[in-house]
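Let me begin by presenting the structure, written as structure tokens, before commenting on it.
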Amino acid sequence: MSLSWIDADTPLPDASQALPGGLVAVGADLSTTRLAEAYAKGLFPWYNPGDPVLWWSPDPRMVLPCAALRLSHSLAKRLRQIARNERLPDPAIRVTLNTAFGAVIRACAHRTQTWITPDIMAVYEDWHRQGHVHSIETWVDDKLAGGLYGVGLQRFFFGESMFSHVANTSKIALVYLVRYLQAWHVPYIDCQQDTAHMASMGAAPIPRTQFLSLLSTLQAQPGPAWGRGQLLSNGQLIAH
């Protein structure tokens, strides 16, 4: 099996053509149209600064079933405390959706210092403005303390990156995201890579064929009405 080099006018190949490490193709443009094509096919871009765009589809694929989310005792206790105060006018900790996307992706880029290049930030911010990429923010004393961002493709969510300036704030954002997705009957979050961190939260690797089958089914079904505002512990969004 040979590696596909593509240009701006060439469709991305199917994920089934990936090399053993998961690399599917090299090259092409990095645009919102290309990203929409890639995610629909189960591919994502991941490359170092100065390299051509690399398109990946790992096998197996790390996926978090929302129903399998696992919380430590300490995190569950903290979440209950947050929930008791979340409807106060000025809670010490609150979680929001799509209120600070630019700050979230820049914080994630600072944490990784590799694959979230300026080009990646620009195209995902553009895709966010089009309504397809979303951020979840955790605020502590009105300061952005942690969060994550990812792609919503109908009833499937693709987690991209997360960060924490304060302990557990990215985990809090993830929990609130899961509850929001569950309220909209979105059953899975793609985690892309197999990491101990996501495994501890309930994610597990599944074969690429199974992942692509789930993606095909769920992207044909209507997804959440993504908005902007405060997220509550029951998955409700209070729009701003």
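Each chain of the structure tokens is named A, B, ... in the order shown, its residues numbered from 1; ligands are numbered from 1 in display order.
Excluding segment 75-80 of chain A itself and same-chain residues fewer than 3 positions from it, the residues having an atom within 9 Å of it are Leu71, Ser72, Ala83, Arg84, Asn85, Asn168, Lys171, Ile172, Val175 and Ser233 of chain A, counting only C-alpha atoms.
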How would the residues just picked look written out with N, CA and C atoms as a PDB file, in the first residue's frame?
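File written: part_15.pdb
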ATOM      1  N   LEU A  71     -15.617   9.005  36.583  1.00  0.00           N
ATOM      2  CA  LEU A  71     -15.159  10.104  37.425  1.00  0.00           C
ATOM      3  C   LEU A  71     -14.508   9.564  38.685  1.00  0.00           C
ATOM      4  N   SER A  72     -13.427  10.206  39.092  1.00  0.00           N
ATOM      5  CA  SER A  72     -12.839   9.876  40.382  1.00  0.00           C
ATOM      6  C   SER A  72     -13.761  10.382  41.496  1.00  0.00           C
ATOM      7  N   ALA A  83     -22.296  22.232  40.947  1.00  0.00           N
ATOM      8  CA  ALA A  83     -23.703  22.183  40.565  1.00  0.00           C
ATOM      9  C   ALA A  83     -24.592  22.921  41.562  1.00  0.00           C
ATOM     10  N   ARG A  84     -24.257  22.847  42.844  1.00  0.00           N
ATOM     11  CA  ARG A  84     -25.076  23.512  43.857  1.00  0.00           C
ATOM     12  C   ARG A  84     -25.053  25.033  43.701  1.00  0.00           C
ATOM     13  N   ASN A  85     -23.975  25.549  43.133  1.00  0.00           N
ATOM     14  CA  ASN A  85     -23.804  27.005  43.045  1.00  0.00           C
ATOM     15  C   ASN A  85     -23.932  27.568  41.634  1.00  0.00           C
ATOM     16  N   ASN A 168      -7.703  20.049  37.245  1.00  0.00           N
ATOM     17  CA  ASN A 168      -8.993  19.410  36.942  1.00  0.00           C
ATOM     18  C   ASN A 168      -9.964  20.266  36.142  1.00  0.00           C
ATOM     19  N   LYS A 171     -10.956  18.593  32.945  1.00  0.00           N
ATOM     20  CA  LYS A 171     -11.853  17.460  33.224  1.00  0.00           C
ATOM     21  C   LYS A 171     -13.270  17.951  33.505  1.00  0.00           C
ATOM     22  N   ILE A 172     -13.390  19.052  34.208  1.00  0.00           N
ATOM     23  CA  ILE A 172     -14.712  19.635  34.461  1.00  0.00           C
ATOM     24  C   ILE A 172     -15.376  20.015  33.143  1.00  0.00           C
ATOM     25  N   VAL A 175     -16.623  16.859  31.425  1.00  0.00           N
ATOM     26  CA  VAL A 175     -17.847  16.326  32.027  1.00  0.00           C
ATOM     27  C   VAL A 175     -19.061  17.120  31.571  1.00  0.00           C
ATOM     28  N   SER A 233     -25.099  21.579  34.910  1.00  0.00           N
ATOM     29  CA  SER A 233     -24.690  20.202  35.180  1.00  0.00           C
ATOM     30  C   SER A 233     -25.661  19.174  34.602  1.00  0.00           C
TER      31      SER A 233
END
**Q.** Non-local contacts of segment 19-31 of chain A (12 Å; only C-alpha atoms; under 6 positions in same chain excluded) as an MDAnalysis selection string
**A.** chainID A and resid 1:13 37:38 41:47 51:61 117:127 192:193 207:208
Just the selected residues (N, CA and C atoms), exported as a CSV table (one decimal), in the first residue's frame, please.
chain,number,residue,atom,x,y,z
A,1,MET,N,0.9,-1.2,0.0
A,1,MET,CA,0.0,0.0,0.0
A,1,MET,C,0.9,1.2,0.0
A,2,SER,N,0.6,2.2,-0.9
A,2,SER,CA,1.5,3.3,-1.1
A,2,SER,C,0.8,4.6,-0.5
A,3,LEU,N,1.6,5.6,-0.1
A,3,LEU,CA,1.1,6.8,0.5
A,3,LEU,C,0.5,7.7,-0.6
A,4,SER,N,-0.6,8.3,-0.4
A,4,SER,CA,-1.3,9.2,-1.4
A,4,SER,C,-0.8,10.6,-1.2
A,5,TRP,N,-0.2,11.2,-2.2
A,5,TRP,CA,0.1,12.6,-2.2
A,5,TRP,C,-1.0,13.3,-3.0
A,6,ILE,N,-1.6,14.3,-2.4
A,6,ILE,CA,-2.8,14.9,-3.0
A,6,ILE,C,-2.6,16.5,-3.2
A,7,ASP,N,-3.3,17.0,-4.1
A,7,ASP,CA,-3.3,18.5,-4.2
A,7,ASP,C,-4.7,19.1,-3.9
A,8,ALA,N,-4.8,20.4,-4.2
A,8,ALA,CA,-6.1,21.0,-3.8
A,8,ALA,C,-7.3,20.5,-4.5
A,9,ASP,N,-7.1,19.9,-5.7
A,9,ASP,CA,-8.2,19.5,-6.5
A,9,ASP,C,-8.5,18.0,-6.3
A,10,THR,N,-7.7,17.3,-5.5
A,10,THR,CA,-7.8,15.8,-5.3
A,10,THR,C,-8.6,15.5,-4.1
A,11,PRO,N,-9.6,14.6,-4.2
A,11,PRO,CA,-10.3,14.2,-2.9
A,11,PRO,C,-9.4,13.4,-2.0
A,12,LEU,N,-9.6,13.5,-0.7
A,12,LEU,CA,-8.9,12.6,0.2
A,12,LEU,C,-9.3,11.2,0.0
A,13,PRO,N,-8.3,10.3,0.1
A,13,PRO,CA,-8.7,8.8,0.0
A,13,PRO,C,-9.4,8.4,1.2
A,37,GLU,N,-14.6,17.6,4.7
A,37,GLU,CA,-14.4,16.3,3.9
A,37,GLU,C,-13.6,15.3,4.8
A,38,ALA,N,-12.5,15.7,5.4
A,38,ALA,CA,-11.7,14.8,6.2
A,38,ALA,C,-12.5,14.2,7.3
A,41,LYS,N,-14.9,11.6,6.6
A,41,LYS,CA,-14.2,10.3,6.2
A,41,LYS,C,-13.4,9.7,7.4
A,42,GLY,N,-13.5,10.3,8.5
A,42,GLY,CA,-12.8,9.7,9.7
A,42,GLY,C,-11.3,10.1,9.7
A,43,LEU,N,-10.9,11.2,9.0
A,43,LEU,CA,-9.5,11.6,9.0
A,43,LEU,C,-9.4,12.9,9.8
A,44,PHE,N,-8.1,13.2,10.2
A,44,PHE,CA,-7.9,14.5,10.8
A,44,PHE,C,-6.4,14.9,10.5
A,45,PRO,N,-6.1,16.2,10.5
A,45,PRO,CA,-4.8,16.7,10.2
A,45,PRO,C,-3.9,16.7,11.5
A,46,TRP,N,-2.7,16.3,11.3
A,46,TRP,CA,-1.7,16.3,12.4
A,46,TRP,C,-0.3,16.3,11.9
A,47,TYR,N,0.4,17.4,12.1
A,47,TYR,CA,1.7,17.6,11.5
A,47,TYR,C,2.5,18.6,12.2
A,51,ASP,N,6.2,21.1,8.0
A,51,ASP,CA,5.9,19.9,7.3
A,51,ASP,C,4.7,20.1,6.4
A,52,PRO,N,4.5,19.3,5.3
A,52,PRO,CA,3.2,19.3,4.6
A,52,PRO,C,2.1,18.8,5.5
A,53,VAL,N,0.9,19.1,5.1
A,53,VAL,CA,-0.3,18.6,5.9
A,53,VAL,C,-0.3,17.1,5.8
A,54,LEU,N,-0.4,16.4,7.0
A,54,LEU,CA,-0.5,15.0,7.1
A,54,LEU,C,-1.9,14.6,7.6
A,55,TRP,N,-2.6,13.7,6.9
A,55,TRP,CA,-3.9,13.3,7.2
A,55,TRP,C,-3.9,11.8,7.8
A,56,TRP,N,-4.6,11.7,9.0
A,56,TRP,CA,-4.4,10.4,9.8
A,56,TRP,C,-5.8,9.8,10.0
A,57,SER,N,-5.8,8.5,10.2
A,57,SER,CA,-6.9,7.7,10.7
A,57,SER,C,-6.3,6.5,11.4
A,58,PRO,N,-6.1,6.6,12.7
A,58,PRO,CA,-5.4,5.6,13.5
A,58,PRO,C,-6.3,4.3,13.6
A,59,ASP,N,-5.6,3.2,13.7
A,59,ASP,CA,-6.3,1.9,14.0
A,59,ASP,C,-5.5,1.2,15.0
A,60,PRO,N,-6.1,1.0,16.2
A,60,PRO,CA,-7.5,1.4,16.6
A,60,PRO,C,-7.6,2.8,16.9
A,61,ARG,N,-8.9,3.2,17.1
A,61,ARG,CA,-9.2,4.6,17.4
A,61,ARG,C,-9.7,4.8,18.8
A,117,THR,N,-0.5,24.6,14.9
A,117,THR,CA,0.3,25.7,14.3
A,117,THR,C,-0.6,26.9,14.1
A,118,PRO,N,0.0,28.0,13.7
A,118,PRO,CA,-0.8,29.2,13.4
A,118,PRO,C,-1.8,28.9,12.3
A,119,ASP,N,-1.4,28.1,11.3
A,119,ASP,CA,-2.4,27.7,10.2
A,119,ASP,C,-3.6,26.9,10.8
A,120,ILE,N,-3.3,26.0,11.7
A,120,ILE,CA,-4.3,25.2,12.3
A,120,ILE,C,-5.3,26.1,13.1
A,121,MET,N,-4.7,27.0,13.9
A,121,MET,CA,-5.5,27.9,14.7
A,121,MET,C,-6.4,28.7,13.8
A,122,ALA,N,-5.9,29.2,12.7
A,122,ALA,CA,-6.6,30.1,11.8
A,122,ALA,C,-7.8,29.4,11.2
A,123,VAL,N,-7.6,28.1,10.7
A,123,VAL,CA,-8.6,27.4,9.9
A,123,VAL,C,-9.7,26.9,10.9
A,124,TYR,N,-9.3,26.5,12.1
A,124,TYR,CA,-10.3,26.0,13.1
A,124,TYR,C,-11.1,27.2,13.6
A,125,GLU,N,-10.5,28.4,13.8
A,125,GLU,CA,-11.2,29.6,14.2
A,125,GLU,C,-12.2,29.9,13.1
A,126,ASP,N,-11.9,29.8,11.9
A,126,ASP,CA,-12.8,30.1,10.8
A,126,ASP,C,-13.9,29.1,10.8
A,127,TRP,N,-13.6,27.8,11.0
A,127,TRP,CA,-14.6,26.8,11.1
A,127,TRP,C,-15.5,27.0,12.3
A,192,GLN,N,-9.2,10.3,19.2
A,192,GLN,CA,-8.1,10.2,18.3
A,192,GLN,C,-7.0,9.2,18.8
A,193,GLN,N,-6.2,9.7,19.7
A,193,GLN,CA,-5.1,8.9,20.2
A,193,GLN,C,-5.3,8.2,21.5
A,207,PRO,N,-11.7,-0.8,16.9
A,207,PRO,CA,-11.1,-1.0,15.5
A,207,PRO,C,-11.6,0.1,14.6
A,208,ARG,N,-10.7,0.5,13.7
A,208,ARG,CA,-11.1,1.6,12.7
A,208,ARG,C,-12.4,1.3,12.0
With only C-alpha atoms as the counted atoms, please give the residues lying no more than 7 Å from Glu137 of chain A, apart from itself and same-chain residues fewer than 6 positions off, as a ChimeraX atom specification. /A:95-97,144,146-148,173
Any chance you could export the current selection's N, CA and C atoms as a tab-separated table (two decimals), in the first residue's frame?
chain	number	residue	atom	x	y	z
A	95	VAL	N	-19.10	26.96	33.89
A	95	VAL	CA	-18.69	26.34	32.64
A	95	VAL	C	-19.53	26.93	31.51
A	96	THR	N	-18.88	27.27	30.42
A	96	THR	CA	-19.57	27.90	29.30
A	96	THR	C	-19.27	27.18	27.99
A	97	LEU	N	-20.10	27.47	27.01
A	97	LEU	CA	-19.96	26.90	25.67
A	97	LEU	C	-19.79	28.03	24.66
A	144	LEU	N	-10.38	32.46	32.86
A	144	LEU	CA	-10.36	31.21	32.10
A	144	LEU	C	-9.30	30.30	32.69
A	146	GLY	N	-9.43	26.60	32.32
A	146	GLY	CA	-9.27	25.35	31.59
A	146	GLY	C	-10.35	25.21	30.55
A	147	GLY	N	-10.18	24.22	29.68
A	147	GLY	CA	-11.19	24.01	28.66
A	147	GLY	C	-10.74	23.06	27.59
A	148	LEU	N	-11.54	22.96	26.56
A	148	LEU	CA	-11.25	22.07	25.43
A	148	LEU	C	-11.98	22.60	24.20
A	173	ALA	N	-14.61	20.64	32.25
A	173	ALA	CA	-15.15	20.99	30.94
A	173	ALA	C	-15.60	19.75	30.18
One decimal place gives the atom CA of Gly150 of chain A-atom CA of Gln221 of chain A separation as 18.5 Å
Could you give me, as an mmCIF file with C-alpha atoms, in the first residue's frame, each residue of segment 7-240 of chain A that DSSP assigns to helix (DSSP H, G or I) when run on this structure's backbone?
data_model
loop_
_atom_site.group_PDB
_atom_site.id
_atom_site.type_symbol
_atom_site.label_atom_id
_atom_site.label_comp_id
_atom_site.auth_asym_id
_atom_site.auth_seq_id
_atom_site.Cartn_x
_atom_site.Cartn_y
_atom_site.Cartn_z
ATOM 1 C CA ALA A 15 -9.404 5.740 5.692
ATOM 2 C CA SER A 16 -9.133 2.093 4.632
ATOM 3 C CA GLN A 17 -6.092 3.102 2.552
ATOM 4 C CA THR A 32 -12.732 24.463 6.153
ATOM 5 C CA THR A 33 -14.056 22.641 3.088
ATOM 6 C CA ARG A 34 -11.158 20.183 3.252
ATOM 7 C CA LEU A 35 -11.628 19.701 6.993
ATOM 8 C CA ALA A 36 -15.323 18.924 6.496
ATOM 9 C CA GLU A 37 -14.393 16.298 3.917
ATOM 10 C CA ALA A 38 -11.699 14.830 6.162
ATOM 11 C CA TYR A 39 -13.790 14.510 9.319
ATOM 12 C CA ALA A 40 -16.683 12.973 7.374
ATOM 13 C CA CYS A 66 -20.559 9.283 26.778
ATOM 14 C CA ALA A 67 -22.393 6.675 28.860
ATOM 15 C CA ALA A 68 -19.036 5.230 29.978
ATOM 16 C CA HIS A 73 -14.405 10.288 43.824
ATOM 17 C CA SER A 74 -12.740 13.691 44.300
ATOM 18 C CA LEU A 75 -13.859 14.983 40.900
ATOM 19 C CA ALA A 76 -17.429 13.795 41.450
ATOM 20 C CA LYS A 77 -17.479 15.605 44.800
ATOM 21 C CA ARG A 78 -16.189 18.813 43.240
ATOM 22 C CA LEU A 79 -18.778 18.603 40.461
ATOM 23 C CA ARG A 80 -21.570 18.333 43.025
ATOM 24 C CA GLN A 81 -20.244 21.471 44.717
ATOM 25 C CA ILE A 82 -20.169 23.316 41.390
ATOM 26 C CA ALA A 83 -23.703 22.183 40.565
ATOM 27 C CA ARG A 84 -25.076 23.512 43.857
ATOM 28 C CA ASN A 85 -23.804 27.005 43.045
ATOM 29 C CA PHE A 101 -12.952 29.901 21.451
ATOM 30 C CA GLY A 102 -9.907 31.915 20.440
ATOM 31 C CA ALA A 103 -8.529 31.941 23.983
ATOM 32 C CA VAL A 104 -9.108 28.197 24.344
ATOM 33 C CA ILE A 105 -7.350 27.164 21.141
ATOM 34 C CA ARG A 106 -4.422 29.483 21.895
ATOM 35 C CA ALA A 107 -4.084 27.982 25.372
ATOM 36 C CA CYS A 108 -4.141 24.488 23.860
ATOM 37 C CA ALA A 109 -1.511 25.527 21.318
ATOM 38 C CA HIS A 110 0.718 26.898 24.072
ATOM 39 C CA ARG A 111 0.410 23.599 25.944
ATOM 40 C CA THR A 112 1.282 21.368 22.984
ATOM 41 C CA PRO A 118 -0.816 29.185 13.360
ATOM 42 C CA ASP A 119 -2.394 27.709 10.202
ATOM 43 C CA ILE A 120 -4.314 25.170 12.297
ATOM 44 C CA MET A 121 -5.522 27.887 14.667
ATOM 45 C CA ALA A 122 -6.639 30.101 11.789
ATOM 46 C CA VAL A 123 -8.636 27.442 9.945
ATOM 47 C CA TYR A 124 -10.299 26.047 13.077
ATOM 48 C CA GLU A 125 -11.243 29.557 14.206
ATOM 49 C CA ASP A 126 -12.768 30.072 10.761
ATOM 50 C CA TRP A 127 -14.623 26.756 11.077
ATOM 51 C CA HIS A 128 -15.783 27.823 14.543
ATOM 52 C CA ARG A 129 -17.274 31.002 13.084
ATOM 53 C CA THR A 169 -10.551 22.312 35.040
ATOM 54 C CA SER A 170 -10.208 20.542 31.682
ATOM 55 C CA LYS A 171 -11.853 17.460 33.224
ATOM 56 C CA ILE A 172 -14.712 19.635 34.461
ATOM 57 C CA ALA A 173 -15.146 20.992 30.937
ATOM 58 C CA LEU A 174 -15.178 17.450 29.560
ATOM 59 C CA VAL A 175 -17.847 16.326 32.027
ATOM 60 C CA TYR A 176 -20.088 19.265 31.142
ATOM 61 C CA LEU A 177 -19.536 18.569 27.444
ATOM 62 C CA VAL A 178 -20.541 14.932 27.922
ATOM 63 C CA ARG A 179 -23.713 15.939 29.738
ATOM 64 C CA TYR A 180 -24.585 18.431 27.012
ATOM 65 C CA LEU A 181 -23.991 15.793 24.339
ATOM 66 C CA GLN A 182 -26.100 13.263 26.225
ATOM 67 C CA ALA A 183 -28.950 15.765 26.386
ATOM 68 C CA ALA A 196 -3.732 7.172 29.710
ATOM 69 C CA HIS A 197 -5.530 10.401 30.607
ATOM 70 C CA MET A 198 -8.558 9.670 28.419
ATOM 71 C CA ALA A 199 -8.493 5.974 29.349
ATOM 72 C CA SER A 200 -8.833 7.002 32.988
ATOM 73 C CA ARG A 208 -11.087 1.575 12.732
ATOM 74 C CA THR A 209 -13.808 -0.367 10.890
ATOM 75 C CA GLN A 210 -16.110 -0.053 13.895
ATOM 76 C CA PHE A 211 -15.311 3.642 14.273
ATOM 77 C CA LEU A 212 -16.085 4.335 10.609
ATOM 78 C CA SER A 213 -19.346 2.399 10.849
ATOM 79 C CA LEU A 214 -20.454 4.445 13.877
ATOM 80 C CA LEU A 215 -19.417 7.666 12.153
ATOM 81 C CA SER A 216 -21.333 6.800 8.991
ATOM 82 C CA THR A 217 -24.509 6.141 10.955
ATOM 83 C CA LEU A 218 -24.319 9.093 13.337
#
Write out as a short mmCIF file (atom, residue, chain, number, x, y, z; two decimals) with N, CA and C atoms, in the first residue's frame the set of residues from segment 57-154 of chain A that DSSP, computed on the backbone, places in strand (DSSP E).
data_model
loop_
_atom_site.label_atom_id
_atom_site.label_comp_id
_atom_site.auth_asym_id
_atom_site.auth_seq_id
_atom_site.Cartn_x
_atom_site.Cartn_y
_atom_site.Cartn_z
N ARG A 61 -8.87 3.24 17.12
CA ARG A 61 -9.23 4.63 17.37
C ARG A 61 -9.73 4.77 18.80
N MET A 62 -9.22 5.75 19.52
CA MET A 62 -9.63 5.97 20.91
C MET A 62 -10.96 6.71 20.94
N VAL A 63 -11.96 6.12 21.56
CA VAL A 63 -13.30 6.69 21.58
C VAL A 63 -13.85 6.65 23.01
N LEU A 64 -14.49 7.73 23.41
CA LEU A 64 -15.15 7.79 24.71
C LEU A 64 -16.65 7.69 24.51
N PRO A 65 -17.27 6.56 24.89
CA PRO A 65 -18.74 6.51 24.91
C PRO A 65 -19.23 7.42 26.05
N ILE A 93 -17.06 28.95 40.26
CA ILE A 93 -16.70 28.14 39.09
C ILE A 93 -17.92 28.02 38.19
N ARG A 94 -17.75 28.30 36.94
CA ARG A 94 -18.84 28.13 35.97
C ARG A 94 -18.25 27.59 34.67
N VAL A 95 -19.10 26.96 33.89
CA VAL A 95 -18.69 26.34 32.64
C VAL A 95 -19.53 26.93 31.51
N THR A 96 -18.88 27.27 30.42
CA THR A 96 -19.57 27.90 29.30
C THR A 96 -19.27 27.18 27.99
N LEU A 97 -20.10 27.47 27.01
CA LEU A 97 -19.96 26.90 25.67
C LEU A 97 -19.79 28.03 24.66
N VAL A 133 -17.06 24.06 14.91
CA VAL A 133 -16.06 23.78 15.95
C VAL A 133 -16.48 24.52 17.21
N HIS A 134 -16.30 23.86 18.36
CA HIS A 134 -16.88 24.39 19.59
C HIS A 134 -15.88 24.31 20.74
N SER A 135 -16.02 25.25 21.64
CA SER A 135 -15.16 25.27 22.83
C SER A 135 -16.01 25.19 24.08
N ILE A 136 -15.46 24.52 25.08
CA ILE A 136 -16.07 24.47 26.41
C ILE A 136 -15.05 25.08 27.36
N GLU A 137 -15.49 26.05 28.16
CA GLU A 137 -14.59 26.82 29.00
C GLU A 137 -14.95 26.65 30.48
N THR A 138 -13.95 26.46 31.31
CA THR A 138 -14.14 26.45 32.75
C THR A 138 -13.52 27.73 33.33
N TRP A 139 -14.35 28.48 34.04
CA TRP A 139 -13.93 29.76 34.61
C TRP A 139 -13.84 29.64 36.13
N VAL A 140 -12.76 30.12 36.70
CA VAL A 140 -12.58 30.16 38.15
C VAL A 140 -12.39 31.63 38.54
N LYS A 143 -11.93 33.98 35.66
CA LYS A 143 -10.74 33.85 34.82
C LYS A 143 -10.76 32.50 34.13
N LEU A 144 -10.38 32.46 32.86
CA LEU A 144 -10.36 31.21 32.10
C LEU A 144 -9.30 30.30 32.69
N ALA A 145 -9.74 29.17 33.25
CA ALA A 145 -8.83 28.28 33.97
C ALA A 145 -8.59 26.95 33.26
N GLY A 146 -9.43 26.60 32.32
CA GLY A 146 -9.27 25.35 31.59
C GLY A 146 -10.35 25.21 30.55
N GLY A 147 -10.18 24.22 29.68
CA GLY A 147 -11.19 24.01 28.66
C GLY A 147 -10.74 23.06 27.59
N LEU A 148 -11.54 22.96 26.56
CA LEU A 148 -11.25 22.07 25.43
C LEU A 148 -11.98 22.60 24.20
N TYR A 149 -11.59 22.05 23.04
CA TYR A 149 -12.33 22.37 21.82
C TYR A 149 -12.40 21.13 20.94
N GLY A 150 -13.38 21.12 20.05
CA GLY A 150 -13.53 19.98 19.16
C GLY A 150 -14.56 20.26 18.09
N VAL A 151 -14.74 19.28 17.23
CA VAL A 151 -15.59 19.39 16.04
C VAL A 151 -16.90 18.65 16.28
N GLY A 152 -18.01 19.30 15.99
CA GLY A 152 -19.31 18.65 16.05
C GLY A 152 -19.78 18.29 14.66
N LEU A 153 -19.92 16.99 14.40
CA LEU A 153 -20.39 16.51 13.09
C LEU A 153 -21.68 15.74 13.33
#
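Residue nearest Glu86 of chain A within the list A:Pro224, A:Asn234, A:Ser161, A:His240: A:Asn234 [criterion: smallest interatomic distance, only C-alpha atoms].
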